[in-house]
Structures are given as structure tokens and as C-alpha cells.
Amino acid sequence: MRRITFSRNYTISLSRTCQCYCKYCAFATHQAHIHPPDEVESRLDEAARRNVKELLFLTGESPEVNAVVAERLRSWGHDDFTSYVVWACERALERGILPHTNIGVVGTEDLARLREVTASQGLMLESSSDRLMETVHAGSPTKHPDRRLATIEAAGHMKIPFTTGILVGIGETPEERIESLEALADLHSRYGHIQEVIIQNFVLHPDYYGREPAEIADRASAERWTGQGRWSPESGVWETGDGVSESGGEREETPGEPAVPMPDWACPVTIDDLRFLVAETARLMPGVGIQIPPNLSDWWIELAEAGATDFGGLSANGDHISPEHPFPSPHQIRKQLTPLGFALTERLCVYPQYMNADWMEQGVLDVIKLKYWSFIPRLGSGRRSDEETDPGVAPEAIAKGREGAGLSEDELTALFAETRPEVIEEMRVAADGLRAELAGDTATFVVNRNINFTNICVVGCAFCGFGQGKRSPDAYESSQEEFIGRVEEAVEFGATELCMQGGIHPELDLETYGGWLRLAKQVAPDIHLHAYSPMEINHMCERSGLPPGQVFEYLIECGLGSTPGTAAEVLDDGVRQRISPNKLPVARWVEIIEAAHAAGLRSTSTVMFGHIEEPRELARHMEVVRSLQERTGGITEFVPLSFIPFNTLLGRTHGVAEISIEENLKHTAAFRLALGHSITNLQASWVKMGLEGATEAMRWGVNDLGGTLMEESISRMAGSQHGVRLEIEELVAAAHRAGRFAAQRSTGYEILETFPEAAPEPAAA
């Protein structure tokens, strides 16, 4: 699954007064236009009520050239327009909204003043062609490419995260389009400050004389976001049900004829042109965001498939430059993208790699840390605190962990926070050595089948894409016939284990859960039933009024053989409150697992990492798990589960990206060292990491590859792309590629069959 990003913003056009006379522009006016302070404050309050994260300040170029505008600025206590923009940005920051300014060509002094109060800035290059100064840009001195490139370069020199782009269809040649991209690529290669490039197609605009584009945009946006009207390729605008375009005029009656005639200086733009430019941008500026406006054509899906990465600011109050072209809502976009394998994800106006003190003023960064800390990239020191770890702690912790000794919270924190490649390699070697000592050189796996019998759930975890409300079109409950068929398929496949879990369905009681176990045993008397998370057990306790021990006694009578230690996420109540406030607290999770062990059952234990947790919170999780194991000895394996963000609330609205394979492997080694001698078996989840990642993890402390699964809904519905089933031969081959012998095991880790042949020498460390 591939992420497409957008920013949830609100637009304020501080002033439309402009010194330029661009032929395509209907936004600018040469009359006096500037919003007074009380109106700006009112609009900022409206933006805050709409829960936006970005405030886009748009303006004409140098509006203070108008004497009336200049006088109004002086009356409000501002010597120039930039001072007023700075004031407006400060008011946005006070409300916890991040300003992004796009006020045209400015000098270094103005850029510096804006840098103190903005998260990012922008200026469209449009085109690097001097020739256009004689046509579309005639009479527009600040549209000269040299002046615009000078501003973009100055922003790079001053380390300002910057958005720029090209405007296609204003009379430029195909060669000039590429030259424009090359000019931007040259600047980015020197300064690294261009966070995204917009590939924008020119569209015709009507005359807005006597009307306010912002009001047209707000109305058009509201109508589209509520599902009214339709996009008309014939008229090129969003049309309401009464036959009136968002520009306020009657629709053109002749199909295919635009409402405004195409000017002589313009040139046609095709979908193939834009696809080519998306590809060229990716080639010239790898890693830079490629933004395409989803409101200016009906091609945005094709351009996403061609490699575009961003849809820009889906402004809550519309597009003030093209007000008759409202943005689709995030919901409307997501509805069309999800079936195609894309995940629509929010971002801030500043891209993640620039969220640090090198690129942002501390006052702006403080707003991100306070309100939007989950958008900050995962760093070794954590995202919510400035805690620094003594660099000598991690190497000492690695040495202790290799010997199996218990590690303190500070030592565990240092391992999870470590970023130095040479120390991470020491961690890998130590974890691999501890694995060899405890589990030998055999990589195990179990032939099993998952059965997720219902996804109806009332808990509402922000990290989950599996649980559904009862009325959701994606909700399901397995019938007895479907369940029996799945058990029979498992037996035919040779499975020795059924892993059964579901959502917390409000109508399921203890007898229903017991009935699923009895039914499975009727179909397959010899199969091992590994079932019901602590969350499900807690639900059974609440429905029956029985304590966990008695619930387990009943379930054992029904055929339960062991229980999964899932629903653990991170065993720190602070994290649990942030990602799933309705989930059972840490003490209750521990109580239920202890009750399972006391009843004679074995359990697994898990952690879900790579979302909003910090190193210290993972350290506390491992302390809980190790302490529990040292008390009961009932945990058979520890299973790290990296977070899959794509179809989850955390991924969509909190900016949480999928953890990198490098970070995943580092954490895997840290988990092995944290467990010491307490738990022998460390499992890699190929559903989360992919089989290639799980194979590599066998060099980082892993000795078990999990199961064949046959079906898997929880990770799949969150957006995992690594499949839901593996054959025995695939798991055996993975073990051999890692230089290990392979063995099929039971749920309790008894070896059932070995596959020792063809094991190659392990790869060089």
C-alpha cells in the first residue's frame, strides 16, 4: 500500500491587491483589498473550530504598492505588509495552527522575519522561461524567473522548508517545462530545502469582479464536501444541481465548449503531459514530494498511480485561486483511493524531515511538539521529550543483555533509543549470540490457521483497521457453516493449531465463546486451540460476572489449549490512554495472563511498536513482560508486532508512518536482549515485516518464523501488503536462506518434523 498525503488547512487571502498583471489570474485585483485585523482574528477562530492544522496565508505580490493598502497598514501599526503577515502568523500560532505563507517574491530580510513565525513557506516558480515575460507574464515584474529563483534560493540558504512548483499550460514548451524542473532540482541539490513540487495544470477562470473569490470557494467547497453537484468535464467546473456553475454564471450549453474561451497564449495539457512531468520530477528530485491539485481536473487518480505523492492542502474553505474548483473532501478522496491500494494520510504543512531546530524556529517547533508531536519522525530520543541518553549506557547494556542479566529501565531505554550504526551492529551481534545460546541454530514455525470469527468491535482503538461497528458495511460474523469449513480446510492443510480471535462483539457471552471451541473440537478433536486475547477474556468476565480463573476453567473444559498474549500493545497506561482509552489497563492485562498460567495454560506475549510510543515506554513494557515471566514461567514466545498505519486512525490523522525495516530490526535485537534468559523464543511476524524482513530478522535474535496462518484479517485490514498465507516450503526456504535448519513445531514448541538439508552458510555479519 502506498501513502498519498494531504494537509488539512484553512485559507486566508490577506490581500488580493497585486502589482502584477498575469493574464491567467482572476484572484488578483488592483483595487485596495486587505482584511482588517478583527476579520483576520474571526477567520482564525473559524479555522480553529474546524480543527485544521495549517493556516495558508495567500496574498497578491507587494500589495502595499497600493497607497490605500499602505495607509491601512500604517493605521494598524505596521510599517509594511510583511509585518502584517507576521502578526497574522503569530495569531495563528497562538491558536495552535501552523502558518504556511505564500506572499510572492520577497527579499532575505522578509524571508527571515517570516521564518520566525512560519512552519514553511512557498512560492511557485511557474516557469523558468524568459519568453513568457512577453506574453502571459507581461506587466508582471516579479514573475521574472530570475527573481523567483532568487527568492527560492535565498530560502534554501536560510534553511526554510519550501514548497514550489510549475504551472503547465500557460504557453510554455515541453522543453521549457523540463528546464523549469531542472532549475528547481539544481537549487534543491545545493540546499535540500524543497519539500514538495507542485505540478499544476492551468485552468480558465471567469471574471470575479464585484465578488469575493473566498466566498465563492467556501460555498463551492461546502457543497462538494456534502456530496452536492458533480464535476463536469464539459464545463470544466463543479456544478450544482440547479445547473449553475460555482462561478455563479449559467453553464455553457454546447458540450465540450468551456465557459471562458481559451486565450491565444495558452497551450493544451494532456494527462500524458502530466504523467511525464510527475515521472521527471521524481527522477530529478528523488524523495521530494510531488503534489498535484485534485480539484483542477478529474485526472488525480491516474496521476497518483503515475507517482504523485501528495494532494496538497484540502482547504476547509476552498481554493481561493480557483474558487469554482472546490477540493474533494478527504473522505471523498479516500473512498476512491482505498480500493486501488492507496492510503490517504494527513501531514503537516512542513514535511517530517524538517521538523527539527536546524530548519525551524523553536517557537514554531514548540507548537508541533505540544499539539502535533505524533507527526515528528521517530527519533532515537523520542518525540515528546528532550530526554538525552548517556552514550555510554547502551554499550554497557548490550554487554549485560548478552549475558542474560536483567536490564534497568534506563538501560532498556538506551537500547531502544540508540541510533549509532556501530552500536546497533553490536546490539545485533549480541542478540544473535544470545539466540544461538538459548535456541540453537534451528528456525521453527507452526502450521496453523487463523480464524477471526467476527470483526464487530466496540472498543474503538485508534491503531486498528480491523474492528467495525455492527452497522458497518465491512462488518461480518462467521456462521457455523463458515466456521466448520475453515476448520476442515485447516485439517486438510495439515494444521496443528487454530488461532481464534475476534473483535469485542457486545452480544457475545461466555457460552458463545465456549461454543466456538466445542465446535472446533467436534470437527478436529486433535487440533490445538490457541484462542482469545486478554481483551476477550475480560469481556467474558464482564458478561458472566466470573473472575478470570473461573473463565479459563470453563474454556479449558470447552477445549482451550493456550491463549495469545495479544491486546498488550504497549504495557504503559499512558500510551494505552493515547491510542486506545477503552482498552483494559496494564494491571488487568497482567492479571488475566497470570490467571491463564495459574490455570495451567501457556501463553504468548506481544508488543505493538512503531507508532507513538517512546523508548522509555517500550522499556517499561519489557520490564512488565520479564517480571511476569519470572513469576510464572508461562510465556512460550515473545512476538514483536510493528504497527501498520495505512487504514487506521493513527495513520490517517496523526502522521504516523510505517516503521522502517532498519528500525524494526534494531528493535528486534533490543527485545531479545531485554528478555535475557527469561523467554527462549523470539518470533518474527512475516505479516508485518514481510518474509524477506523476517528472514533478515533471524540475524537479529529471532529463532521462530511464526505460522502459515492461511488467513489473517487484523494486519490485512490495517493495510499490510505481505499476504495472509505461507506454504511450509516457503518457511523452510526462508530458514535455509538465513543459514538455519528448519523445523515444524507445535504450539508448545515440541519439534514435530525437521528439515535440515540444504542449509547454506550464514551471510557474513
# chains A, B, ... in the order shown; residues from 1 in each chain; ligands from 1
$ residues_around --residues "Val65 of chain A" --least-positions-apart "5" --cutoff "10 Å" --atoms "only C-alpha atoms" --output "PDB file with N, CA and C atoms, in the first residue's frame"
ATOM      1  N   THR A  17      -4.702  42.502  -3.423  1.00  0.00           N
ATOM      2  CA  THR A  17      -4.068  43.582  -4.179  1.00  0.00           C
ATOM      3  C   THR A  17      -2.706  43.125  -4.663  1.00  0.00           C
ATOM      4  N   CYS A  18      -2.419  43.358  -5.933  1.00  0.00           N
ATOM      5  CA  CYS A  18      -1.202  42.803  -6.536  1.00  0.00           C
ATOM      6  C   CYS A  18      -0.632  43.786  -7.543  1.00  0.00           C
ATOM      7  N   GLN A  19       0.697  43.809  -7.597  1.00  0.00           N
ATOM      8  CA  GLN A  19       1.353  44.686  -8.567  1.00  0.00           C
ATOM      9  C   GLN A  19       1.484  44.048  -9.945  1.00  0.00           C
ATOM     10  N   HIS A  30      -6.346  45.167  -8.599  1.00  0.00           N
ATOM     11  CA  HIS A  30      -5.505  46.361  -8.477  1.00  0.00           C
ATOM     12  C   HIS A  30      -6.222  47.454  -7.692  1.00  0.00           C
ATOM     13  N   ALA A  32      -7.805  48.467  -3.810  1.00  0.00           N
ATOM     14  CA  ALA A  32      -7.357  48.259  -2.430  1.00  0.00           C
ATOM     15  C   ALA A  32      -8.138  47.100  -1.816  1.00  0.00           C
ATOM     16  N   ALA A  70      -1.351  50.643   1.871  1.00  0.00           N
ATOM     17  CA  ALA A  70      -0.234  51.092   2.703  1.00  0.00           C
ATOM     18  C   ALA A  70      -0.718  51.935   3.878  1.00  0.00           C
ATOM     19  N   ASP A  80       5.005  47.772   6.997  1.00  0.00           N
ATOM     20  CA  ASP A  80       4.919  47.148   5.678  1.00  0.00           C
ATOM     21  C   ASP A  80       4.025  45.916   5.762  1.00  0.00           C
ATOM     22  N   PHE A  81       3.793  45.321   4.610  1.00  0.00           N
ATOM     23  CA  PHE A  81       2.864  44.196   4.551  1.00  0.00           C
ATOM     24  C   PHE A  81       3.421  42.968   5.262  1.00  0.00           C
TER      25      PHE A  81
END
$ residues_around --residues "segment 440-444 of chain A" --least-positions-apart "6" --cutoff "8 Å" --atoms "only C-alpha atoms" --output "PyMOL selection string"
chain A and resi 703-706+735+740-745
$ closest_atom_pairs --of "segment 395-419 of chain A" --to "segment 605-614 of chain A" --cutoff "9 Å" --atoms "only C-alpha atoms" --output "Markdown table"
| residue | atom | partner | partner_atom | distance |
| --- | --- | --- | --- | --- |
| A:Thr413 | CA | A:Glu614 | CA | 8.6 |
| A:Phe416 | CA | A:Glu614 | CA | 8.4 |
| A:Ala417 | CA | A:Glu614 | CA | 8.3 |
$ write_last_selection --atoms "C-alpha atoms" --output "mmCIF file, in the first residue's frame"
data_model
loop_
_atom_site.group_PDB
_atom_site.id
_atom_site.type_symbol
_atom_site.label_atom_id
_atom_site.label_comp_id
_atom_site.auth_asym_id
_atom_site.auth_seq_id
_atom_site.Cartn_x
_atom_site.Cartn_y
_atom_site.Cartn_z
ATOM 1 C CA THR A 413 15.564 2.981 27.104
ATOM 2 C CA PHE A 416 15.503 1.435 22.043
ATOM 3 C CA ALA A 417 16.810 4.985 21.581
#
$ atom_distance --atom1 "atom CA of Lys666 of chain A" --atom2 "atom CA of Met1 of chain A"
23.4 Å
$ closest_residue --among "A:Asn647, A:Thr164, A:Thr118, A:Thr11" --to "Val367 of chain A" --atoms "only C-alpha atoms"
A:Thr118
$ atom_distance --atom1 "atom CA of Glu280 of chain A" --atom2 "atom CA of Trp265 of chain A"
24.7 Å
$ residues_around --residues "Tyr21 of chain A" --least-positions-apart "2" --cutoff "7 Å" --atoms "only C-alpha atoms" --output "mmCIF file with N, CA and C atoms, in the first residue's frame"
data_model
loop_
_atom_site.group_PDB
_atom_site.id
_atom_site.type_symbol
_atom_site.label_atom_id
_atom_site.label_comp_id
_atom_site.auth_asym_id
_atom_site.auth_seq_id
_atom_site.Cartn_x
_atom_site.Cartn_y
_atom_site.Cartn_z
ATOM 1 N N GLN A 19 0.697 43.809 -7.597
ATOM 2 C CA GLN A 19 1.353 44.686 -8.567
ATOM 3 C C GLN A 19 1.484 44.048 -9.945
ATOM 4 N N LYS A 23 -1.851 37.275 -17.081
ATOM 5 C CA LYS A 23 -3.021 37.148 -17.945
ATOM 6 C C LYS A 23 -3.992 36.052 -17.491
ATOM 7 N N HIS A 137 3.046 36.760 -18.805
ATOM 8 C CA HIS A 137 3.552 37.485 -17.649
ATOM 9 C C HIS A 137 3.928 38.930 -17.968
ATOM 10 N N ALA A 138 3.510 39.437 -19.107
ATOM 11 C CA ALA A 138 3.802 40.827 -19.464
ATOM 12 C C ALA A 138 3.191 41.765 -18.422
ATOM 13 N N GLY A 139 3.975 42.713 -17.953
ATOM 14 C CA GLY A 139 3.494 43.639 -16.934
ATOM 15 C C GLY A 139 3.567 43.092 -15.528
ATOM 16 N N SER A 140 4.294 41.998 -15.351
ATOM 17 C CA SER A 140 4.373 41.344 -14.032
ATOM 18 C C SER A 140 5.839 41.173 -13.653
#
$ residues_around --residues "Thr454 of chain A" --least-positions-apart "2" --cutoff "10 Å" --atoms "only C-alpha atoms" --output "number ranges by chain"
A: 451-452, 456-457, 466-468, 475-479, 501-505, 713
$ residues_around --residues "Gln480 of chain A" --least-positions-apart "3" --cutoff "9 Å" --atoms "only C-alpha atoms" --output "list in words"
Phe483, Ile484, Gly485, Trp516 and Leu519 of chain A
$ decode --residues "segment 589-610 of chain A" --atoms "C-alpha atoms" --output "short mmCIF file (atom, residue, chain, number, x, y, z; two decimals), in the first residue's frame"
data_model
loop_
_atom_site.label_atom_id
_atom_site.label_comp_id
_atom_site.auth_asym_id
_atom_site.auth_seq_id
_atom_site.Cartn_x
_atom_site.Cartn_y
_atom_site.Cartn_z
CA TRP A 589 -3.83 -7.46 31.30
CA VAL A 590 -1.24 -8.88 33.70
CA GLU A 591 -3.95 -10.27 35.98
CA ILE A 592 -5.57 -12.16 33.11
CA ILE A 593 -2.32 -13.63 31.79
CA GLU A 594 -1.32 -14.69 35.30
CA ALA A 595 -4.73 -16.35 35.70
CA ALA A 596 -4.17 -18.26 32.46
CA HIS A 597 -0.80 -19.51 33.70
CA ALA A 598 -2.29 -20.42 37.08
CA ALA A 599 -4.94 -22.47 35.27
CA GLY A 600 -2.21 -24.49 33.57
CA LEU A 601 -2.32 -22.72 30.22
CA ARG A 602 0.68 -21.35 28.38
CA SER A 603 0.52 -18.01 26.63
CA THR A 604 2.44 -15.93 24.19
CA SER A 605 3.31 -12.28 24.75
CA THR A 606 3.37 -9.43 22.25
CA VAL A 607 4.26 -5.79 21.81
CA MET A 608 2.96 -3.39 19.16
CA PHE A 609 5.62 -0.81 18.42
CA GLY A 610 6.43 1.80 15.82
#
